[in-house]
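Novice: Hey, dropping structure_22.txt in here, compact mmCIF, C-alpha atoms:
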```txt
# COMPACT_ATOMS: atom_id res chain seq x y z
CA MET R 19 36.61 -81.14 -59.14
CA SER R 20 35.28 -84.59 -59.61
CA GLY R 21 32.44 -86.13 -57.67
CA ARG R 22 32.86 -89.73 -56.63
CA SER R 23 35.71 -91.87 -57.79
CA ALA R 24 35.94 -93.15 -61.33
CA THR R 25 34.88 -96.61 -60.10
CA ALA R 26 31.49 -95.34 -58.94
CA VAL R 27 28.46 -97.36 -59.98
CA PRO R 28 26.40 -96.38 -63.06
CA LEU R 29 23.54 -93.94 -62.54
CA SER R 30 21.05 -96.78 -63.01
CA ARG R 31 22.43 -98.39 -59.84
CA ASN R 32 23.47 -95.25 -57.98
CA ARG R 33 21.17 -95.41 -54.94
CA ASP R 34 21.92 -91.89 -53.73
CA PHE R 35 21.35 -90.25 -57.11
CA GLN R 36 18.10 -92.17 -57.59
CA LEU R 37 16.78 -91.16 -54.16
CA LEU R 38 17.78 -87.54 -54.75
CA TRP R 39 16.15 -87.60 -58.19
CA LEU R 40 12.92 -89.11 -56.87
CA ALA R 41 12.75 -86.65 -53.98
CA GLN R 42 13.24 -83.68 -56.26
CA THR R 43 10.72 -85.05 -58.75
CA GLY R 44 8.17 -84.88 -55.94
CA SER R 45 9.36 -81.35 -55.21
CA GLU R 46 8.90 -80.31 -58.86
CA LEU R 47 5.40 -81.82 -58.97
CA SER R 48 4.50 -80.01 -55.75
CA GLN R 49 5.83 -76.69 -57.04
CA HIS R 50 3.73 -76.82 -60.22
CA VAL R 51 0.62 -78.00 -58.38
CA PHE R 52 1.01 -74.90 -56.19
CA LEU R 53 1.57 -72.62 -59.21
CA ILE R 54 -1.79 -73.69 -60.61
CA ALA R 55 -3.75 -73.83 -57.35
CA TYR R 56 -2.64 -70.67 -55.53
CA PRO R 57 -4.01 -68.07 -58.02
CA LEU R 58 -7.33 -69.92 -58.17
CA LEU R 59 -7.57 -69.99 -54.38
CA ALA R 60 -6.43 -66.37 -54.01
CA VAL R 61 -9.22 -65.15 -56.28
CA ALA R 62 -11.77 -67.44 -54.60
CA LEU R 63 -10.86 -66.07 -51.17
CA THR R 64 -10.78 -62.37 -52.12
CA ASP R 65 -12.74 -61.91 -55.38
CA LEU R 66 -9.75 -59.80 -56.49
CA PRO R 67 -7.62 -60.97 -59.44
CA ILE R 68 -4.79 -58.70 -58.26
CA ALA R 69 -4.54 -60.81 -55.11
CA ALA R 70 -3.12 -63.67 -57.19
CA GLY R 71 -0.56 -61.36 -58.77
CA LEU R 72 0.52 -60.09 -55.36
CA LEU R 73 1.17 -63.63 -54.16
CA GLY R 74 3.22 -64.49 -57.23
CA PHE R 75 5.22 -61.27 -56.94
CA LEU R 76 5.88 -61.92 -53.25
CA ALA R 77 6.99 -65.54 -53.76
CA THR R 78 9.34 -64.53 -56.59
CA GLY R 79 10.64 -61.56 -54.60
CA VAL R 80 11.43 -63.80 -51.62
CA GLN R 81 13.34 -66.18 -53.88
CA LEU R 82 15.36 -63.30 -55.30
CA ALA R 83 16.09 -61.75 -51.90
CA PHE R 84 17.13 -65.05 -50.33
CA GLY R 85 19.02 -66.34 -53.39
CA LEU R 86 22.57 -65.35 -52.42
CA PRO R 87 22.19 -66.17 -48.69
CA ALA R 88 20.82 -69.60 -49.70
CA GLY R 89 23.96 -70.21 -51.75
CA LEU R 90 26.13 -69.31 -48.77
CA LEU R 91 24.16 -71.76 -46.61
CA ALA R 92 24.75 -74.50 -49.18
CA ASP R 93 28.50 -73.88 -49.02
CA ARG R 94 28.72 -73.53 -45.25
CA TYR R 95 26.41 -76.27 -44.01
CA ASP R 96 25.29 -79.84 -44.66
CA ARG R 97 23.53 -79.77 -48.05
CA ARG R 98 21.46 -82.87 -47.31
CA LEU R 99 20.20 -81.30 -44.08
CA ILE R 100 19.18 -78.15 -45.98
CA LEU R 101 17.20 -80.25 -48.49
CA VAL R 102 15.52 -82.26 -45.72
CA LEU R 103 14.53 -79.20 -43.68
CA ALA R 104 13.25 -77.28 -46.72
CA SER R 105 11.11 -80.23 -47.81
CA ALA R 106 9.76 -80.80 -44.30
CA VAL R 107 8.84 -77.13 -43.88
CA ARG R 108 7.00 -77.17 -47.21
CA ALA R 109 5.09 -80.27 -46.10
CA LEU R 110 4.00 -78.52 -42.89
CA ALA R 111 3.02 -75.32 -44.69
CA HIS R 112 0.92 -77.02 -47.37
CA GLY R 113 -0.56 -79.45 -44.86
CA SER R 114 -1.65 -76.65 -42.54
CA LEU R 115 -3.41 -74.86 -45.39
CA ALA R 116 -5.12 -78.07 -46.49
CA VAL R 117 -6.46 -78.62 -42.98
CA ALA R 118 -7.63 -75.00 -42.71
CA LEU R 119 -9.45 -75.22 -46.03
CA TRP R 120 -10.98 -78.58 -45.09
CA LEU R 121 -12.32 -76.96 -41.91
CA ASP R 122 -13.56 -73.97 -43.95
CA ALA R 123 -11.14 -71.72 -42.07
CA GLY R 124 -8.78 -70.86 -44.91
CA SER R 125 -7.75 -67.25 -45.35
CA TYR R 126 -5.77 -65.14 -47.77
CA LEU R 127 -3.25 -64.36 -45.00
CA HIS R 128 -2.66 -68.08 -44.49
CA LEU R 129 -2.11 -68.53 -48.23
CA LEU R 130 0.27 -65.56 -48.18
CA VAL R 131 2.38 -67.22 -45.47
CA VAL R 132 2.47 -70.48 -47.45
CA ALA R 133 3.63 -68.57 -50.55
CA ILE R 134 6.46 -66.97 -48.55
CA VAL R 135 7.50 -70.35 -47.13
CA GLU R 136 7.39 -71.83 -50.63
CA GLY R 137 9.63 -69.04 -51.98
CA LEU R 138 12.16 -69.38 -49.14
CA ALA R 139 12.26 -73.17 -49.42
CA LEU R 140 12.72 -73.16 -53.20
CA ALA R 141 15.51 -70.59 -52.86
CA ALA R 142 17.28 -72.91 -50.37
CA ILE R 143 16.71 -76.09 -52.39
CA PHE R 144 18.12 -74.92 -55.72
CA PRO R 145 21.78 -74.24 -54.79
CA ALA R 146 21.93 -77.09 -52.25
CA GLU R 147 20.75 -79.70 -54.73
CA GLU R 148 22.84 -78.43 -57.65
CA ALA R 149 25.98 -78.18 -55.52
CA ALA R 150 25.38 -81.68 -54.08
CA LEU R 151 25.05 -83.33 -57.48
CA PRO R 152 28.82 -83.64 -58.16
CA GLN R 153 29.13 -85.23 -54.70
CA VAL R 154 26.88 -88.16 -55.57
CA VAL R 155 27.94 -88.77 -59.22
CA THR R 156 31.28 -88.78 -61.00
CA THR R 157 32.32 -85.89 -63.23
CA GLY R 158 31.85 -88.11 -66.26
CA GLN R 159 28.27 -88.86 -65.19
CA LEU R 160 27.31 -85.19 -64.77
CA PRO R 161 25.89 -84.67 -68.29
CA ASP R 162 23.55 -87.67 -67.97
CA ALA R 163 22.57 -86.70 -64.42
CA ILE R 164 21.79 -83.11 -65.44
CA ALA R 165 19.85 -84.33 -68.49
CA LEU R 166 17.77 -86.58 -66.22
CA ASN R 167 17.14 -83.60 -63.95
CA THR R 168 15.94 -81.64 -66.98
CA ALA R 169 13.59 -84.50 -67.85
CA ARG R 170 12.40 -84.42 -64.25
CA SER R 171 11.55 -80.74 -64.59
CA SER R 172 9.51 -81.44 -67.73
CA VAL R 173 7.62 -84.25 -65.99
CA GLY R 174 7.01 -82.01 -62.99
CA GLN R 175 5.73 -79.18 -65.16
CA MET R 176 3.36 -81.29 -67.24
CA GLY R 177 2.18 -83.53 -64.41
CA GLY R 178 1.97 -80.80 -61.76
CA ASN R 179 -0.02 -78.39 -63.90
CA SER R 180 -2.53 -81.08 -64.87
CA LEU R 181 -2.76 -82.53 -61.37
CA GLY R 182 -3.19 -79.14 -59.71
CA GLY R 183 -6.11 -78.16 -61.92
CA VAL R 184 -7.88 -81.51 -61.53
CA LEU R 185 -7.46 -81.65 -57.76
CA TYR R 186 -8.60 -78.07 -57.24
CA GLY R 187 -11.68 -78.83 -59.33
CA LEU R 188 -12.60 -81.60 -56.87
CA THR R 189 -12.11 -79.54 -53.71
CA ARG R 190 -9.98 -76.55 -52.71
CA ALA R 191 -8.06 -78.41 -50.01
CA LEU R 192 -6.98 -81.33 -52.18
CA PRO R 193 -4.02 -79.75 -54.10
CA PHE R 194 -2.43 -78.62 -50.84
CA ALA R 195 -3.06 -81.98 -49.16
CA ALA R 196 -1.41 -83.68 -52.15
CA ASN R 197 1.54 -81.31 -51.87
CA ALA R 198 1.93 -82.13 -48.18
CA VAL R 199 2.07 -85.84 -49.03
CA LEU R 200 4.52 -85.27 -51.89
CA GLN R 201 6.82 -83.22 -49.66
CA LEU R 202 6.59 -85.73 -46.82
CA LEU R 203 7.61 -88.54 -49.19
CA ALA R 204 10.43 -86.34 -50.54
CA THR R 205 11.64 -85.70 -46.98
CA LEU R 206 11.71 -89.44 -46.22
CA ALA R 207 13.66 -90.15 -49.41
CA LEU R 208 16.19 -87.41 -48.64
CA LEU R 209 16.81 -88.85 -45.18
CA PHE R 210 18.37 -91.90 -46.84
CA VAL R 211 20.53 -90.01 -49.35
CA ARG R 212 24.25 -90.13 -48.57
CA ILE R 213 25.94 -86.87 -49.55
CA PRO R 214 29.64 -86.71 -48.57
CA ARG R 215 30.79 -83.77 -46.50
CA HIS R 216 31.96 -80.93 -48.71
CA HIS R 217 34.84 -78.56 -48.23
CA GLY R 218 32.85 -75.74 -46.71
CA ARG R 219 34.15 -72.98 -44.48
CA ASP R 220 34.57 -73.57 -40.75
CA THR R 221 31.73 -71.48 -39.33
CA SER R 222 33.25 -71.40 -35.85
CA SER R 223 35.91 -68.93 -36.96
CA VAL R 224 35.95 -65.73 -34.93
CA ASP R 225 36.09 -63.60 -38.07
CA SER R 226 33.00 -65.33 -39.53
CA ALA R 227 30.74 -62.30 -39.05
CA ARG R 228 33.32 -59.92 -40.48
CA ARG R 229 33.72 -62.08 -43.57
CA PHE R 230 29.97 -62.55 -44.08
CA TRP R 231 29.53 -60.04 -46.93
CA PRO R 232 32.65 -61.10 -48.88
CA GLU R 233 31.56 -64.71 -48.55
CA LEU R 234 27.95 -63.91 -49.44
CA THR R 235 29.02 -62.36 -52.74
CA GLY R 236 31.85 -64.83 -53.37
CA GLY R 237 29.88 -66.87 -55.89
CA LEU R 238 28.75 -63.76 -57.74
CA ARG R 239 32.31 -62.43 -57.93
CA TRP R 240 33.64 -65.80 -59.12
CA LEU R 241 30.96 -65.95 -61.80
CA LEU R 242 31.62 -62.42 -63.07
CA ARG R 243 35.41 -62.86 -63.10
CA HIS R 244 35.44 -66.26 -64.83
CA PRO R 245 35.35 -65.56 -68.60
CA THR R 246 33.76 -68.86 -69.66
CA LEU R 247 31.17 -68.99 -66.90
CA ARG R 248 30.33 -65.33 -67.48
CA VAL R 249 29.49 -65.77 -71.15
CA ILE R 250 27.57 -69.06 -70.86
CA THR R 251 25.55 -67.64 -67.97
CA ALA R 252 24.79 -64.48 -69.97
CA CYS R 253 23.61 -66.57 -72.92
CA GLY R 254 21.36 -68.66 -70.69
CA VAL R 255 19.83 -65.65 -68.95
CA LEU R 256 19.23 -63.75 -72.19
CA VAL R 257 17.55 -66.69 -73.90
CA ASN R 258 15.33 -67.21 -70.83
CA LEU R 259 14.31 -63.55 -70.93
CA GLY R 260 13.65 -63.59 -74.68
CA PHE R 261 11.67 -66.81 -74.66
CA GLY R 262 9.69 -65.75 -71.56
CA ALA R 263 8.68 -62.62 -73.45
CA PHE R 264 7.81 -64.63 -76.56
CA LEU R 265 5.70 -67.18 -74.69
CA THR R 266 3.72 -64.48 -72.90
CA ALA R 267 3.15 -62.56 -76.15
CA PHE R 268 2.04 -65.73 -77.96
CA ILE R 269 -0.52 -66.61 -75.26
CA LEU R 270 -1.93 -63.06 -75.14
CA ILE R 271 -2.17 -62.77 -78.94
CA ALA R 272 -3.76 -66.22 -79.32
CA ASN R 273 -6.30 -65.33 -76.64
CA ALA R 274 -7.11 -62.01 -78.35
CA ALA R 275 -7.57 -63.88 -81.65
CA GLY R 276 -10.22 -66.08 -80.05
CA VAL R 277 -8.21 -69.30 -79.92
CA PRO R 278 -9.80 -71.52 -77.22
CA SER R 279 -7.75 -71.60 -74.02
CA GLY R 280 -7.68 -75.39 -74.16
CA GLN R 281 -5.92 -75.30 -77.53
CA VAL R 282 -3.44 -72.72 -76.28
CA GLY R 283 -2.73 -74.91 -73.25
CA VAL R 284 -2.08 -77.98 -75.40
CA VAL R 285 0.23 -76.01 -77.72
CA VAL R 286 2.26 -74.63 -74.80
CA ALA R 287 2.36 -78.09 -73.20
CA MET R 288 4.21 -79.28 -76.32
CA LEU R 289 7.23 -77.40 -74.92
CA GLY R 290 7.37 -79.85 -72.04
CA GLY R 291 6.88 -82.82 -74.33
CA GLY R 292 9.70 -81.70 -76.59
CA ALA R 293 11.93 -81.02 -73.59
CA LEU R 294 11.30 -84.52 -72.28
CA VAL R 295 12.44 -86.05 -75.58
CA GLY R 296 15.41 -83.69 -75.78
CA ALA R 297 16.47 -84.57 -72.23
CA LEU R 298 16.78 -88.24 -73.18
CA LEU R 299 19.35 -87.31 -75.86
CA ALA R 300 21.09 -84.36 -74.20
CA GLY R 301 23.64 -86.28 -72.14
CA ARG R 302 24.90 -88.25 -75.15
CA LEU R 303 24.99 -85.21 -77.44
CA GLN R 304 26.79 -83.12 -74.83
CA ARG R 305 29.65 -85.61 -74.76
CA VAL R 306 30.22 -85.65 -78.54
CA LEU R 307 29.73 -81.93 -79.28
CA ARG R 308 32.04 -79.10 -78.27
CA PRO R 309 30.46 -76.71 -75.74
CA TYR R 310 30.44 -73.92 -78.33
CA VAL R 311 28.59 -76.10 -80.84
CA SER R 312 26.05 -77.29 -78.27
CA ILE R 313 25.21 -73.83 -76.98
CA SER R 314 25.27 -72.08 -80.36
CA ALA R 315 23.09 -74.72 -81.99
CA VAL R 316 20.41 -74.23 -79.37
CA LEU R 317 20.57 -70.43 -79.43
CA TRP R 318 20.40 -70.20 -83.22
CA GLY R 319 17.73 -72.92 -83.36
CA ALA R 320 15.49 -70.94 -80.99
CA ALA R 321 16.20 -67.67 -82.85
CA LEU R 322 15.31 -69.17 -86.23
CA LEU R 323 12.32 -71.29 -85.17
CA THR R 324 10.36 -68.75 -83.11
CA PRO R 325 9.67 -66.33 -86.04
CA LEU R 326 7.69 -69.17 -87.64
CA LEU R 327 5.09 -68.69 -84.89
CA ALA R 328 4.59 -65.10 -86.06
CA LEU R 329 3.95 -66.33 -89.60
CA THR R 330 1.26 -68.92 -88.88
CA SER R 331 -2.11 -69.03 -87.17
CA ASN R 332 -2.26 -72.83 -87.39
CA MET R 333 -2.13 -74.25 -83.87
CA VAL R 334 -0.83 -77.63 -85.09
CA VAL R 335 2.15 -75.94 -86.71
CA ALA R 336 2.63 -73.84 -83.57
CA GLY R 337 2.62 -76.99 -81.44
CA VAL R 338 5.30 -78.60 -83.62
CA VAL R 339 7.48 -75.48 -83.39
CA PHE R 340 7.11 -75.35 -79.60
CA ALA R 341 8.01 -79.06 -79.38
CA LEU R 342 11.15 -78.49 -81.49
CA VAL R 343 12.22 -75.52 -79.37
CA GLY R 344 11.52 -77.52 -76.22
CA ALA R 345 13.66 -80.38 -77.51
CA LEU R 346 16.63 -78.01 -77.95
CA VAL R 347 16.55 -76.59 -74.42
CA PRO R 348 17.92 -79.65 -72.52
CA LEU R 349 21.10 -79.69 -74.62
CA ALA R 350 21.91 -76.09 -73.68
CA ASN R 351 20.93 -76.62 -70.03
CA THR R 352 23.03 -79.78 -69.77
CA THR R 353 26.08 -78.10 -71.30
CA ILE R 354 25.81 -74.90 -69.28
CA ILE R 355 25.17 -76.57 -65.91
CA THR R 356 27.80 -79.28 -66.47
CA TYR R 357 30.59 -76.80 -67.09
CA GLN R 358 29.33 -74.46 -64.38
CA LEU R 359 29.75 -77.29 -61.86
CA VAL R 360 33.01 -78.62 -63.32
CA LEU R 361 34.70 -75.20 -63.45
CA THR R 362 33.61 -74.15 -59.95
CA PRO R 363 35.42 -75.28 -56.77
CA ASP R 364 33.26 -77.35 -54.42
CA GLY R 365 33.37 -74.70 -51.71
CA LEU R 366 31.81 -72.16 -54.10
CA ARG R 367 29.29 -74.32 -55.96
CA GLY R 368 26.32 -73.38 -53.80
CA ARG R 369 26.98 -69.66 -54.11
CA VAL R 370 27.66 -69.78 -57.84
CA SER R 371 24.48 -71.79 -58.42
CA ALA R 372 22.57 -69.28 -56.30
CA ALA R 373 24.02 -66.33 -58.27
CA VAL R 374 22.98 -67.95 -61.55
CA GLY R 375 19.55 -68.61 -60.03
CA VAL R 376 19.16 -64.94 -59.11
CA PHE R 377 19.94 -63.87 -62.69
CA ASP R 378 17.52 -66.50 -64.03
CA ASN R 379 14.77 -65.35 -61.68
CA VAL R 380 15.25 -61.74 -62.80
CA ALA R 381 14.96 -62.90 -66.41
CA ALA R 382 11.87 -64.96 -65.53
CA ALA R 383 10.26 -61.89 -63.98
CA LEU R 384 11.21 -59.47 -66.77
CA GLY R 385 10.38 -61.77 -69.70
CA PRO R 386 6.59 -61.79 -69.27
CA LEU R 387 6.65 -58.04 -68.56
CA VAL R 388 8.55 -57.33 -71.80
CA GLY R 389 6.22 -59.59 -73.78
CA SER R 390 3.07 -57.98 -72.40
CA VAL R 391 4.43 -54.45 -73.05
CA LEU R 392 5.17 -55.33 -76.68
CA VAL R 393 1.66 -56.75 -77.12
CA GLN R 394 0.17 -53.66 -75.49
CA PHE R 395 1.92 -51.14 -77.72
CA THR R 396 2.58 -52.96 -81.03
CA PRO R 397 0.45 -55.00 -83.45
CA GLY R 398 0.29 -58.74 -82.72
CA ARG R 399 2.71 -60.13 -85.30
CA THR R 400 5.08 -57.22 -84.77
CA ALA R 401 5.17 -58.05 -81.06
CA LEU R 402 6.07 -61.67 -81.85
CA PHE R 403 8.80 -60.61 -84.26
CA GLY R 404 10.10 -58.21 -81.60
CA CYS R 405 10.32 -61.05 -79.06
CA ALA R 406 11.99 -63.26 -81.66
CA ALA R 407 14.54 -60.50 -82.23
CA LEU R 408 15.40 -60.63 -78.53
CA LEU R 409 16.41 -64.27 -79.03
CA LEU R 410 18.92 -63.19 -81.66
CA VAL R 411 20.90 -61.32 -79.00
CA PRO R 412 22.33 -64.37 -77.17
CA ALA R 413 22.88 -66.18 -80.50
CA VAL R 414 24.94 -63.28 -81.84
CA LEU R 415 26.77 -62.94 -78.51
CA ALA R 416 27.78 -66.61 -78.65
CA ALA R 417 28.87 -66.29 -82.28
CA LEU R 418 31.07 -63.26 -81.63
CA ASN R 419 32.54 -64.22 -78.26
CA ARG R 420 36.12 -65.48 -78.57
CA THR R 421 36.15 -67.11 -75.14
CA LEU R 422 33.19 -69.32 -75.94
CA ARG R 423 34.45 -70.13 -79.45
CA ARG R 424 37.79 -71.31 -78.00
CA PHE R 425 36.27 -73.20 -75.06
CA SER R 426 36.56 -76.95 -75.65
CA GLY R 427 35.87 -78.32 -72.18
CA HIS R 428 39.32 -77.64 -70.72
CA THR R 429 39.58 -76.27 -67.22
CA GLU R 430 41.45 -73.06 -66.57
CA GLU R 431 43.58 -74.95 -64.05
CA ASP R 432 44.74 -77.30 -66.85
CA ASP R 433 45.51 -74.22 -68.97
CA GLY R 434 44.41 -76.10 -72.06
CA LYS R 435 46.67 -79.12 -71.38
CA GLY R 436 44.01 -81.60 -70.42
CA GLU R 437 40.29 -82.05 -70.89
CA VAL R 438 37.65 -82.50 -68.27
CA THR R 439 36.10 -85.93 -68.67
CA VAL R 440 32.43 -85.22 -69.26
```
Represent the supplied structure as structure tokens.
Specialist:
Amino acid sequence: MSGRSATAVPLSRNRDFQLLWLAQTGSELSQHVFLIAYPLLAVALTDLPIAAGLLGFLATGVQLAFGLPAGLLADRYDRRLILVLASAVRALAHGSLAVALWLDAGSYLHLLVVAIVEGLALAAIFPAEEAALPQVVTTGQLPDAIALNTARSSVGQMGGNSLGGVLYGLTRALPFAANAVLQLLATLALLFVRIPRHHGRDTSSVDSARRFWPELTGGLRWLLRHPTLRVITACGVLVNLGFGAFLTAFILIANAAGVPSGQVGVVVAMLGGGALVGALLAGRLQRVLRPYVSISAVLWGAALLTPLLALTSNMVVAGVVFALVGALVPLANTTIITYQLVLTPDGLRGRVSAAVGVFDNVAAALGPLVGSVLVQFTPGRTALFGCAALLLVPAVLAALNRTLRRFSGHTEEDDGKGEVTV
């Protein structure tokens, strides 16, 4: 279950990890540039706000539909090749749209195609990259590597959102041209990453087609049957749903109260700032705290901090609370993803990562819907308290679950006789 040998070089000198990290940083930046630019362009091309919503729904739907097949691809085929092809296709898609807009020939249909390509590519990238990580770092390096990936996500979110808005303000084509360049650079970096061959299934087998459906759902079945993975995944998905609802409700209520959108944006951006700080500490904390302590501390921290946002209208206080919540998230992510990868056989890692991604995407889609429904039908502060109550669910689940309380980082194969070195 380990990655490279114990004599592998430190992360600071691990060429393959650094190239993979840099390539995926470009991918994260590109994704968030697109998330800002596409709704603005959709409305500009159609004069219909619903056109932006349709694009977002389609891109998310494509990711959900292709999630499990993408995991199977990551377990059957060369993971580096999947990452290279996905990045190259994104570069072509964004580049084509940039050229069309530059020539004043852009259309909503063209943007729709780019959104579909983006959804398919992101669905393919997620399980391939996550499954490849233990192949380029040792098991003991996983917590630090995952924490650095969490920091990368925060940088991508903050930088991409800002960059996308600025570039679109200069000219419509510029965000998509920048994305084409970012993806091209990511593709070049990935070409030089060395990812060892994994123990995937021989696809030349004559019974390959007959076994397609059992293999497609193999990661999902492994996840649901593994007690530890099942509970930590459930906690992660529930907290994502609850916080997605809370964030949406907070933005809508602040807007209705007349808080300037710029202030709301700065307050929400504090999440990313806090997450960046938390990511720098997550790897070290994950090694000294039991998994139960790490996960429970984050869940209860989020459950107890978020009600404070329902009790104050001070945006400075709100920003501090968001930063504190953001700082907690990397510890939970690092713990959950580390043990997900350690407890999963290499030949299943892509499919298990994809199954978790599908659950997370469902939570990401439902969270804003739940938050907006609560705001629509309940008074403002009541809606926030309702969303905060949702965050109590995973905290209570973790507190009451015997499997998680007993889990100390041992593998099931060791049957409690030896610890995984993480």
Novice: Please list as a PyMOL selection string every residue within 8 Å of stretch 409-421 of chain R, counting only C-alpha atoms and excluding residues in the same chain fewer than 2 positions away.
Specialist: chain R and resi 245-246+249+252-254+256-257+260-261+310+313-314+317-318+320-321+405-407+423-425
Novice: Can you write out the residues you just picked, keeping C-alpha atoms, as a PDB file, keeping the file's coordinate frame?
Specialist:
```
ATOM      1  CA  PRO R 245      35.350 -65.560 -68.600  1.00  0.00           C
ATOM      2  CA  THR R 246      33.760 -68.860 -69.660  1.00  0.00           C
ATOM      3  CA  VAL R 249      29.490 -65.770 -71.150  1.00  0.00           C
ATOM      4  CA  ALA R 252      24.790 -64.480 -69.970  1.00  0.00           C
ATOM      5  CA  CYS R 253      23.610 -66.570 -72.920  1.00  0.00           C
ATOM      6  CA  GLY R 254      21.360 -68.660 -70.690  1.00  0.00           C
ATOM      7  CA  LEU R 256      19.230 -63.750 -72.190  1.00  0.00           C
ATOM      8  CA  VAL R 257      17.550 -66.690 -73.900  1.00  0.00           C
ATOM      9  CA  GLY R 260      13.650 -63.590 -74.680  1.00  0.00           C
ATOM     10  CA  PHE R 261      11.670 -66.810 -74.660  1.00  0.00           C
ATOM     11  CA  TYR R 310      30.440 -73.920 -78.330  1.00  0.00           C
ATOM     12  CA  ILE R 313      25.210 -73.830 -76.980  1.00  0.00           C
ATOM     13  CA  SER R 314      25.270 -72.080 -80.360  1.00  0.00           C
ATOM     14  CA  LEU R 317      20.570 -70.430 -79.430  1.00  0.00           C
ATOM     15  CA  TRP R 318      20.400 -70.200 -83.220  1.00  0.00           C
ATOM     16  CA  ALA R 320      15.490 -70.940 -80.990  1.00  0.00           C
ATOM     17  CA  ALA R 321      16.200 -67.670 -82.850  1.00  0.00           C
ATOM     18  CA  CYS R 405      10.320 -61.050 -79.060  1.00  0.00           C
ATOM     19  CA  ALA R 406      11.990 -63.260 -81.660  1.00  0.00           C
ATOM     20  CA  ALA R 407      14.540 -60.500 -82.230  1.00  0.00           C
ATOM     21  CA  ARG R 423      34.450 -70.130 -79.450  1.00  0.00           C
ATOM     22  CA  ARG R 424      37.790 -71.310 -78.000  1.00  0.00           C
ATOM     23  CA  PHE R 425      36.270 -73.200 -75.060  1.00  0.00           C
TER      24      PHE R 425
END
```
Novice: Using only C-alpha atoms, find the one residue out of R:Asp34, R:Glu148, R:Asp96, R:Glu233 that sits nearest to R:Val374.
Specialist: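 Smallest separation from R:Val374 among the options: R:Glu148.
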Novice: Env of stretch 348-357 of chain R: 7 Å cut, atoms = all atoms listed in the file, seq-sep filter 5 positions within chain, self excluded. Answer as a ChimeraX atom specification.
Specialist: /R:160-161,164-165,168,250,293,296-297,300-301,304,309,312-313,316
Novice: If you take all atoms listed in the file and a cut-off of 12 Å, which residues of stretch 51-71 of chain R touch stretch 189-192 of chain R, and what are their nearest atom pairs and distances in Å to one decimal, in chain and number order, as JSON lines?
Specialist:
```
{"residue": "R:Val51", "atom": "CA", "partner": "R:Leu192", "partner_atom": "CA", "distance": 10.4}
{"residue": "R:Phe52", "atom": "CA", "partner": "R:Leu192", "partner_atom": "CA", "distance": 11.0}
{"residue": "R:Ile54", "atom": "CA", "partner": "R:Arg190", "partner_atom": "CA", "distance": 11.7}
{"residue": "R:Ala55", "atom": "CA", "partner": "R:Arg190", "partner_atom": "CA", "distance": 8.2}
{"residue": "R:Tyr56", "atom": "CA", "partner": "R:Arg190", "partner_atom": "CA", "distance": 9.8}
{"residue": "R:Pro57", "atom": "CA", "partner": "R:Arg190", "partner_atom": "CA", "distance": 11.7}
{"residue": "R:Leu58", "atom": "CA", "partner": "R:Arg190", "partner_atom": "CA", "distance": 9.0}
{"residue": "R:Leu59", "atom": "CA", "partner": "R:Arg190", "partner_atom": "CA", "distance": 7.2}
{"residue": "R:Ala60", "atom": "CA", "partner": "R:Arg190", "partner_atom": "CA", "distance": 10.9}
{"residue": "R:Val61", "atom": "CA", "partner": "R:Arg190", "partner_atom": "CA", "distance": 12.0}
{"residue": "R:Ala62", "atom": "CA", "partner": "R:Arg190", "partner_atom": "CA", "distance": 9.5}
{"residue": "R:Leu63", "atom": "CA", "partner": "R:Arg190", "partner_atom": "CA", "distance": 10.6}
```
Novice: For atom CA of R:Thr266 and atom CA of R:Leu346, determine how far apart the two atoms are, in Å to one decimal place.
Specialist: 19.4 Å
Novice: Which of these, R:Val27, R:Ala382, R:Leu299, R:Ile100, has the shortest distance to R:Phe264 once you count all atoms listed in the file?
Specialist: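 Of the candidates, the smallest distance to R:Phe264 is held by R:Ala382.
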Novice: List the neighbours of stretch 64-77 of chain R out to 12 Å using all atoms listed in the file; skip same-chain residues closer than 2 positions along the sequence, and give me the result as a short mmCIF file (atom, residue, chain, number, x, y, z; two decimals) with C-alpha atoms, in the frame of the given file.
Specialist:
```
data_model
loop_
_atom_site.label_atom_id
_atom_site.label_comp_id
_atom_site.auth_asym_id
_atom_site.auth_seq_id
_atom_site.Cartn_x
_atom_site.Cartn_y
_atom_site.Cartn_z
CA GLN R 49 5.83 -76.69 -57.04
CA PHE R 52 1.01 -74.90 -56.19
CA LEU R 53 1.57 -72.62 -59.21
CA ILE R 54 -1.79 -73.69 -60.61
CA ALA R 55 -3.75 -73.83 -57.35
CA TYR R 56 -2.64 -70.67 -55.53
CA PRO R 57 -4.01 -68.07 -58.02
CA LEU R 58 -7.33 -69.92 -58.17
CA LEU R 59 -7.57 -69.99 -54.38
CA ALA R 60 -6.43 -66.37 -54.01
CA VAL R 61 -9.22 -65.15 -56.28
CA ALA R 62 -11.77 -67.44 -54.60
CA GLY R 79 10.64 -61.56 -54.60
CA VAL R 80 11.43 -63.80 -51.62
CA GLN R 81 13.34 -66.18 -53.88
CA LEU R 82 15.36 -63.30 -55.30
CA ALA R 83 16.09 -61.75 -51.90
CA PHE R 84 17.13 -65.05 -50.33
CA GLY R 124 -8.78 -70.86 -44.91
CA SER R 125 -7.75 -67.25 -45.35
CA TYR R 126 -5.77 -65.14 -47.77
CA LEU R 127 -3.25 -64.36 -45.00
CA HIS R 128 -2.66 -68.08 -44.49
CA LEU R 129 -2.11 -68.53 -48.23
CA LEU R 130 0.27 -65.56 -48.18
CA VAL R 131 2.38 -67.22 -45.47
CA VAL R 132 2.47 -70.48 -47.45
CA ALA R 133 3.63 -68.57 -50.55
CA ILE R 134 6.46 -66.97 -48.55
CA VAL R 135 7.50 -70.35 -47.13
CA GLU R 136 7.39 -71.83 -50.63
CA GLY R 137 9.63 -69.04 -51.98
CA LEU R 138 12.16 -69.38 -49.14
CA ALA R 139 12.26 -73.17 -49.42
CA LEU R 140 12.72 -73.16 -53.20
CA ALA R 141 15.51 -70.59 -52.86
CA ASN R 379 14.77 -65.35 -61.68
CA VAL R 380 15.25 -61.74 -62.80
CA ALA R 382 11.87 -64.96 -65.53
CA ALA R 383 10.26 -61.89 -63.98
CA LEU R 384 11.21 -59.47 -66.77
#
```
